[in-house]
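Taking it in order: structure first as structure tokens, then the write-up.
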Amino acid sequence: MLPQQFLNETAEEVVAPDETSNQTNPTGRVADVTLLAPRAAQMRRIFAEAECDLPFRRGNAFKGMLTFTDNAEEPIHRWFYYKEGYSRRLVKQVLNLYSPPPEYPAVLDPFCGAGTTLLEAQAHSYPAVGVELNPFAAFLSQVKTSWNKINPEQLARTLDNVLVKAKNTNTNLPELTTLHNTDYFPHRNAHKWFNLKDAILQRRCAPEVKNALLLALASTLEDISRLHKDGRLLRYLTRDVISPREALRCRVEEMISDLQVMADKPSGSVSVFRGDARHLEKVFNGHKPPKFGTILYSPPYLNNFDYSEIYKCELWLLGMLNSYDQWRRLRQSTFRSHPSCRFDSTSYLKDNSALREVYRLVEQAARCPNIGNGAQETLPDVLRGYFDDVAMTLQEQIKLLAPGGHIICVVGNSKHGALHISTDTLIAKTGKALGLNLVEIYVGKYRYSRKEKKHKLRESVVVFRKSDDV
Ligand SMILES: C[S@@+](CC[C@H](N)C(=O)[O-])C[C@H]1O[C@@H](n2cnc3c(N)ncnc32)[C@H](O)[C@@H]1O
């Protein structure tokens with residue numbers, strides 16, 4: 001039952017061309033809220049109502065673990081600062097609380113980003129599999145989880161060689177205009193960056209060593225340029241920069257010292273696949289994956305963040321993008337969490353009767369008028385696409401999840417103009433509707449919305465379990 005205060009508010013607009021009635025019943029209550037386009041404040045109450053019977057839990061179990069920050073001090077994890085990742089301590093905690101059943105030890109992260117889940121699973125000797133759509137992030141995960149194949153002496157020797165052989169000439173920089181901007185890259189640093197890349201590619205050495213050097217070089221972007229990754233943007237900051245040679249040397253020395261520290265540490269097997277978490281069967285095409293005891297991940301948040309934009313310099317440096325057309329295609333293949341391109345529309349929620357409640361909630365939010373802040377135009381399609389993608393990925397994961405296994409999804413809620421979206425609630429309801437048992441929604445932290453500091457947004461760990469008898 002909706003709270004009285006909500007029921008007394010009038011809906012601003014009726015927009016449901018495909019629905020036939022918009023009746024109020026004799027008590028004056030709205031008979032079917034899906035027929036209305038509620039205002040943002042009403043939508044907040046609709047979410048509150050939808051959450052009433054969900055197993056929310058608060059506590060310190062995941063305190064300080066929802067950001068990448070403390071990985072910056074950890075061997076291997078610190079090889080690239082992946083702002084959107086979570087802490088390795090979160091993975092450790094999850095493997096403690098919801099460990100894979102002994103007969104199904106494998107761990108899957110279908111949005112593996114910087115490989116945090118994979119590295120920590122590896123450290124606990126669980127076999128791990130990662131899937132990642134962004135070629136740079138997939139490379140990053142691959143290089144980090146291959147640390148045990150990198151010979152530190154060969155790495156040091158090859159670095160010396162690269163520094164001797166690297167030319168200092170003007171190269172043909174790729175098309176990407178950012179690389180041509182001398183305010184962003186002073187002292188011809190873009191050219192020097194590419195000179196080092198050419199020298200690395202020309203060395204004869206083990207592929208793991210070559211890849212480690214390329215990763216080290218990619219990780220120097222913010223040392224050698226005035227670009228700073230800030231939320232969904234690359235921001236220009238006036239600051240001093242260091243030379244690419246110096247930056248590369250520092251990064252590789254850090255790698256060598258980590259490899260020495262890690263020398264005797266356990267390392268389970270890891271495979272990284274570049275592909276789309278919405279189509280896992282296609283990703284594993286030809287490689288029959290095991291049933292996974294634990295599936296742990298954080299999907300892109302509904303925060304307009306486009307990973308192909310924020311990692312564009314690394315993608316172009318490493319030759320993973322060579323034209324604007326390739327870049328557009330990469331964008332279009334990502335999870336639909338941002339409005340930076342036009343995506344094909346789908347009707348996964350709409351067509352699945354089990355997902356009716358989720359569909360209605362998403363539709364109501366998408367039809368919310370006057371939310372302001374420029375979100376009105378782009379948000380409706382992003383919302384529909386995002387929650388279709390959430391449902392598709394959960395469906396794929398369920399196929400690969402072992403009986404008695406867990407799916408753990410780390411996600412943050414968001415605010416768009418005046419409209420608050422309870423993504424954790426919608427994911428919890430989607431999983432339940434698809435047949436999973438919802439164990440709990442652990443509220444890991446509250447953060448503030450970027451624009452309105454007073455508004456707190458939940459970041460949660462949504463935990464599902466598959467029945468033993470499925
Ligand atoms: C929140 S980040 C994951 C970070 C990761 N948990 C870590 O700690 O490094 C989400 C990742 O999903 C990736 N991604 C976006 N669309 C995808 C898709 N369709 N399939 C697989 N990965 C995708 C992004 O490139 C990004 O690396």
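Every chain in the structure tokens takes a letter, A first, then B, and so on in the order presented; its residues are numbered from 1, and the ligands are numbered from 1 following the presented order.
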Extract, using only C-alpha atoms, all DNA, RNA and protein residues at most 8 Å from Ala402 of chain A, discarding same-chain residues fewer than 2 positions from it, and format them as a PyMOL selection string. chain A and resi 104+291-293+400+404-405+466
Within 9 Å of ligand 1, counting only C-alpha atoms and all ligand atoms, residues as a VMD selection string: chain A and resid 66 to 68 82 to 88 91 109 to 117 131 to 138 141 274 to 280 296 to 301 306 to 308 331 333 to 337 389 393 410 to 411
Find the spatial neighbours of segment 436-439 of chain A, counting only C-alpha atoms, within a cut-off of 8 Å - ignore same-chain residues fewer than 2 positions away - and output them as a ChimeraX atom specification. /A:55,428,431-434,441,462-467
Can you list, as a ChimeraX atom specification, every protein, DNA or RNA residue that comes within 12 Å of Leu379 of chain A when you count only C-alpha atoms, leaving out same-chain residues fewer than 5 positions away? /A:302-304,336-340,342,362-363,365-374,384-386,414-421
Would you pick out the contacts of segment 152-164 of chain A at 12 Å or less, using only C-alpha atoms, so that residues sharing its chain but fewer than 2 positions from it are not included, and give the list as a PyMOL selection string? chain A and resi 147-150+166-168+192-193+195-214+216-217+244-263
Can you check which residues of segment 108-253 of chain A DSSP gives as alpha helix (DSSP H) on the backbone and send them as a ChimeraX atom specification? /A:116-123,135-145,152-165,189-202,207-218,221-224,244-253
